[in-house]
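Down below is the structure, laid out as structure tokens.
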Amino acid sequence: MTADVVLSVAIGALFAVGVYLMVSRNLIKVLLGFMLIGHGTNLLLLAAGTWGTAPILGETGGPGGRADPLPQAFVLTSIVITLAVSCFMLAMVFRRYLQARTADVPDDPDDELVGAEPGGTE
Amino acid sequence: MSLVTALLPVSVMLPLVGAGVALLFRGAPPVTRWIAILALTVQLVTECAMVVGIDTSGPIVMHLGGWAAPVGITLVADRFAAVLMVTSTVVTLAVLVYAGAQQRSGPRPDGAAAAFHPAMLIMATGVSNAFVAGDLFNLFVSFEILLTASYVLLTLGGTAERLRAGAPYLVVSLLSSLIFLSAIALVYAATGTVNLADLAGKIGDLPAGVAAILQSLLLVAFGIKAAVWPMSAWLPDSYPSAPAPVTAVFAGLLTKVGIYAIVRVQTLLFGGHGFTTLLMWAALATMIVGILGAVAQSDIKRMLSFTLVSHIGYLLFGVSLGSSAGLTATVYYVVHHILVQTALFLGAGLIEHLRGTTDVARLGGLARSSPLLAVLFFVPAMNLAGIPPLSGFLGKVGLFEAGLDTGGVLAAVVVAGGTLTSLLTLYAIVRIWGRAFWRPTPAGAVGGDGLAAGDGATGADESVDGDEDGENEGGDDESGTVRTRTRLPGGMLAATAAVVLAGVLLTVAAGPLYALAGRAAGDLHDPGRYVTAVLGATP
């Protein structure tokens, strides 16, 4: 397998931008970040296989050999999972927006309580 | 194909089919309840048959669709997987009975409650599938099945408090899934396979650096799921706000699936080598940091969440030892921990059902008012702290003996840390116990007061339908007032008692069960049988 520079850079960029977005408090940005990293991971999975002609039974492979179908099956599964989770997250963001007119995640009230009272509730 | 092998996919498919059928009857909650209980009961019977079959004749393997091992999807169950499947089904079944009884005693369930039973069954599918997954990608898919169901369960009803708690859980889980998927991509790129048995032979041929990268990625991904320090902060943040039955089943199962994955990968793929020192330090830190968090809490559910994190450290310690004795103790301790944590969270749910809160500042006199609940909470609480002769003590002794046998200084330090953690667990538990059960009911704790107004979301009784506080967000007439009940539904008590008794059974039948754990650990320690079972078998 030869390393593909363009692909590597693209994967790296998707991960970098995705991580930047995911550390946000805004759930919409987190969702976008998750989707970008998801694309990066899918590309990474594709890059793990070999390129070539379609691996169909009975057909002769091209000069470059046949593509490895297994990573492509992985990517298909992964895309479906990403879609399902994105849908759930959008529903969650929408619900949060209906309640609070914001997509930001608030602090844990219990954490603030523990921080505010040294020694707990003794 | 033997009959026992045919049971293998049945145990995964049953809850999934049950979830589909339950969704069809979502308008009739009693029907969904019975479908769910029926599906899991049959699953439990098949899994018990599998344990017996596997224990006598070795691991069972099924190649789905007839595709042979390294290419196709393989389901494998060895003793460790089968034992965990039985334990997880027992726990899920008990929680379903508990939730059903709670639903019946509460207000009429609405749309959100209709999602509860199907989501629970889908989660059971994911957990079972994770235990029998024979390749990394199937393991990833199982994780996604159970995580997606857990997102739904955690945010059931969609109240502001649960959305807040659900957001970090969701993001952290997504991140760990992405790390896991990237690890799979790199594993495939390096070896050309994701089949665990196939990888067992191929990882050893890789350059040490590449193997270390793969191992560290997998350990980080599973470490997040198992709540290993420093990747454990999400757990006490998100678990306590969910409905009591949901928290109970999460606490019992989800982190243990992460531990299962760590055990499987460490033993099968990497032969118990690599990162053992790091794992020991992580185990020590998980124990100590977790239990210090537990000591600081005044809410029972939050305290229990921190002890949950803390005791993951013991499991990790057993794995990091890599010896047969260490793995034996880990197998035994995993089962013990699943049962005990679930029992404690169910007990906390009973307290919440009675008094409308689990904040010890507002609890008291429970031992006098409901002695049966006191017993049901006390036994697993002492078990968690490791009081002899209960199973927590036996598991810890097994772990410490295995740790001292390896003879390292670090292992001895972790054993000392484990003893300290055990004592601090006892302190945290006794502190909660003394205030909630033994002292007289504090003045103003019953009937609502100024204290209660601030935290409506945690104050109200959180049955699985869960939206009552959402609707009463504006005025705190219902959600702010601490409600008291005097009677507990029989189903809730019976389900809690069943899990407590299962924990006690682990003590009473410790001899044969510890021997079974020993045989399971023998399989783990010498993966040869697993590998030949998968690769040598004809489809």
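In the structure tokens, the first chain shown is A, the next is B, and so on; residue numbers restart at 1 for each chain, and ligands run from 1 in the order shown.
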
- [ ] Mind checking which residues fall within 8 Å of segment 91-108 of chain A, counting only C-alpha atoms, ignoring those fewer than 5 positions away in the same chain, and posting them as a PyMOL selection string?
- [x] (chain A and resi 25-28) or (chain B and resi 158+160+163-165+167+237)

Once you have the residues from the selection above, write them out as a PDB file, in the first residue's frame, restricted to C-alpha atoms.
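Final output, part-v4.pdb:
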```
ATOM      1  CA  ARG A  25     -19.922  24.454  24.307  1.00  0.00           C
ATOM      2  CA  ASN A  26     -22.358  24.972  21.505  1.00  0.00           C
ATOM      3  CA  LEU A  27     -23.909  21.635  20.580  1.00  0.00           C
ATOM      4  CA  ILE A  28     -24.380  22.637  16.946  1.00  0.00           C
TER       5      ILE A  28
ATOM      6  CA  GLY B 158     -36.135  15.418  27.459  1.00  0.00           C
ATOM      7  CA  ALA B 160     -33.642  20.346  30.927  1.00  0.00           C
ATOM      8  CA  LEU B 163     -30.449  17.159  28.396  1.00  0.00           C
ATOM      9  CA  ARG B 164     -27.682  18.848  30.351  1.00  0.00           C
ATOM     10  CA  ALA B 165     -26.488  15.527  31.692  1.00  0.00           C
ATOM     11  CA  ALA B 167     -24.835  16.290  26.359  1.00  0.00           C
ATOM     12  CA  ASP B 237     -21.745  13.914  35.689  1.00  0.00           C
TER      13      ASP B 237
END
```

Do you have, as CSV, the list of residues of chain A lying at most 10 Å from chain B, each with its nearest atom pair and that distance in Å to one decimal, counting only C-alpha atoms and ordered by chain then number?
```
residue,atom,partner,partner_atom,distance
A:Met1,CA,B:Ala189,CA,8.5
A:Val19,CA,B:Leu175,CA,9.4
A:Met22,CA,B:Val171,CA,8.1
A:Val23,CA,B:Val171,CA,9.5
A:Arg25,CA,B:Ala167,CA,9.7
A:Leu27,CA,B:Ala167,CA,7.9
A:Val30,CA,B:Val171,CA,7.7
A:Leu31,CA,B:Val171,CA,8.7
A:Phe34,CA,B:Leu174,CA,7.5
A:Ile37,CA,B:Leu178,CA,7.4
A:Gly38,CA,B:Leu178,CA,6.8
A:Gly40,CA,B:Ser182,CA,8.9
A:Thr41,CA,B:Ser182,CA,5.6
A:Asn42,CA,B:Ser182,CA,8.4
A:Leu43,CA,B:Ala185,CA,9.2
A:Leu44,CA,B:Ala185,CA,6.1
A:Leu45,CA,B:Ala185,CA,4.6
A:Leu46,CA,B:Ala185,CA,8.0
A:Ala47,CA,B:Ala189,CA,7.7
A:Ala48,CA,B:Ala189,CA,4.2
A:Gly49,CA,B:Ala189,CA,6.6
A:Thr50,CA,B:Ala189,CA,9.2
A:Asp68,CA,B:Gly192,CA,9.8
A:Leu70,CA,B:Val71,CA,8.1
A:Pro71,CA,B:Ala185,CA,8.0
A:Phe74,CA,B:Phe137,CA,7.5
A:Val75,CA,B:Ala185,CA,9.8
A:Thr77,CA,B:Val141,CA,8.2
A:Ser78,CA,B:Val141,CA,8.5
A:Ile81,CA,B:Glu144,CA,7.3
A:Thr82,CA,B:Leu174,CA,9.3
A:Ala84,CA,B:Thr148,CA,8.3
A:Val85,CA,B:Thr148,CA,6.9
A:Phe88,CA,B:Tyr151,CA,8.2
A:Met89,CA,B:Leu170,CA,8.2
A:Ala91,CA,B:Gly158,CA,9.9
A:Met92,CA,B:Leu163,CA,7.1
A:Val93,CA,B:Leu163,CA,8.7
A:Arg95,CA,B:Gly158,CA,7.1
A:Arg96,CA,B:Leu163,CA,6.9
A:Gln99,CA,B:Ala160,CA,7.1
A:Ala100,CA,B:Ala160,CA,8.3
A:Asp104,CA,B:Arg164,CA,9.3
A:Val105,CA,B:Arg164,CA,6.1
A:Pro106,CA,B:Arg164,CA,6.5
A:Asp107,CA,B:Arg164,CA,7.9
A:Asp108,CA,B:Asp237,CA,7.3
A:Pro109,CA,B:Asp455,CA,8.7
A:Asp110,CA,B:Asp237,CA,8.7
A:Asp111,CA,B:Asp237,CA,8.4
A:Val114,CA,B:Gln297,CA,7.7
A:Pro118,CA,B:Ala296,CA,9.4
A:Gly119,CA,B:Ala296,CA,7.4
A:Gly120,CA,B:Ala296,CA,6.2
A:Thr121,CA,B:Ser298,CA,6.9
A:Glu122,CA,B:Ser298,CA,9.0
```

TODO: Between atom CA of Thr46 of chain B and atom CA of Leu7 of chain B, measure the distance and give it in Å to one decimal.
DONE: 6.3 Å

TODO: Have a look at B:Ala495, B:Val51, B:Val504, B:Val132 and name the one nearest to Arg519 of chain B; count only C-alpha atoms.
DONE: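 Nearest to Arg519 of chain B: B:Val51.
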
What lies within 9 Å of Val334 of chain B using only C-alpha atoms, ignoring chain neighbours under 5 positions off, as an mmCIF file with N, CA and C atoms, in the first residue's frame?
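Contents of the output file part.cif:
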```
data_model
loop_
_atom_site.group_PDB
_atom_site.id
_atom_site.type_symbol
_atom_site.label_atom_id
_atom_site.label_comp_id
_atom_site.auth_asym_id
_atom_site.auth_seq_id
_atom_site.Cartn_x
_atom_site.Cartn_y
_atom_site.Cartn_z
ATOM 1 N N LEU B 84 -20.573 -13.367 31.413
ATOM 2 C CA LEU B 84 -20.992 -11.965 31.438
ATOM 3 C C LEU B 84 -22.366 -11.790 30.802
ATOM 4 N N LYS B 256 -18.794 -2.056 32.219
ATOM 5 C CA LYS B 256 -18.231 -3.405 32.202
ATOM 6 C C LYS B 256 -17.994 -3.885 30.780
ATOM 7 N N ILE B 259 -14.696 -2.655 30.072
ATOM 8 C CA ILE B 259 -13.693 -3.510 30.731
ATOM 9 C C ILE B 259 -13.537 -4.823 29.971
ATOM 10 N N TYR B 260 -14.681 -5.376 29.534
ATOM 11 C CA TYR B 260 -14.632 -6.620 28.756
ATOM 12 C C TYR B 260 -13.757 -6.428 27.520
ATOM 13 N N ILE B 312 -13.831 0.432 39.193
ATOM 14 C CA ILE B 312 -13.302 0.044 37.889
ATOM 15 C C ILE B 312 -11.790 -0.160 38.018
ATOM 16 N N LEU B 315 -10.777 -3.705 38.673
ATOM 17 C CA LEU B 315 -10.851 -4.556 37.484
ATOM 18 C C LEU B 315 -9.632 -4.333 36.600
ATOM 19 N N ALA B 329 -9.508 -13.386 39.295
ATOM 20 C CA ALA B 329 -10.124 -12.444 40.215
ATOM 21 C C ALA B 329 -10.902 -11.380 39.456
ATOM 22 N N LEU B 339 -23.517 -6.932 39.717
ATOM 23 C CA LEU B 339 -24.674 -7.203 40.566
ATOM 24 C C LEU B 339 -24.781 -6.171 41.689
ATOM 25 N N GLY B 395 -13.444 -11.240 46.040
ATOM 26 C CA GLY B 395 -12.841 -10.723 44.820
ATOM 27 C C GLY B 395 -11.600 -9.900 45.117
#
```

- [ ] Would you list the contacts of segment 62-65 of chain B as a PyMOL selection string, taking every protein, DNA or RNA residue within 10 Å and counting only C-alpha atoms, but skipping same-chain residues closer than 5 positions in sequence?
- [x] chain B and resi 1+5-9+70-77+132+134+533-534+537-539

TODO: Looking only at alpha helix (DSSP H) from DSSP on the backbone, list the matching residues of segment 93-328 of chain B as a PyMOL selection string.
DONE: chain B and resi 93-105+111-114+116-132+136-154+160-191+196-202+208-226+234-238+244-264+276-295+300-321+324-328

- [ ] Kindly give the distance, in Å, that separates atom CA of Ala101 of chain B and atom CA of Leu350 of chain B, rounded to a single decimal.
- [x]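 Interatomic distance here is 11.3 Å.
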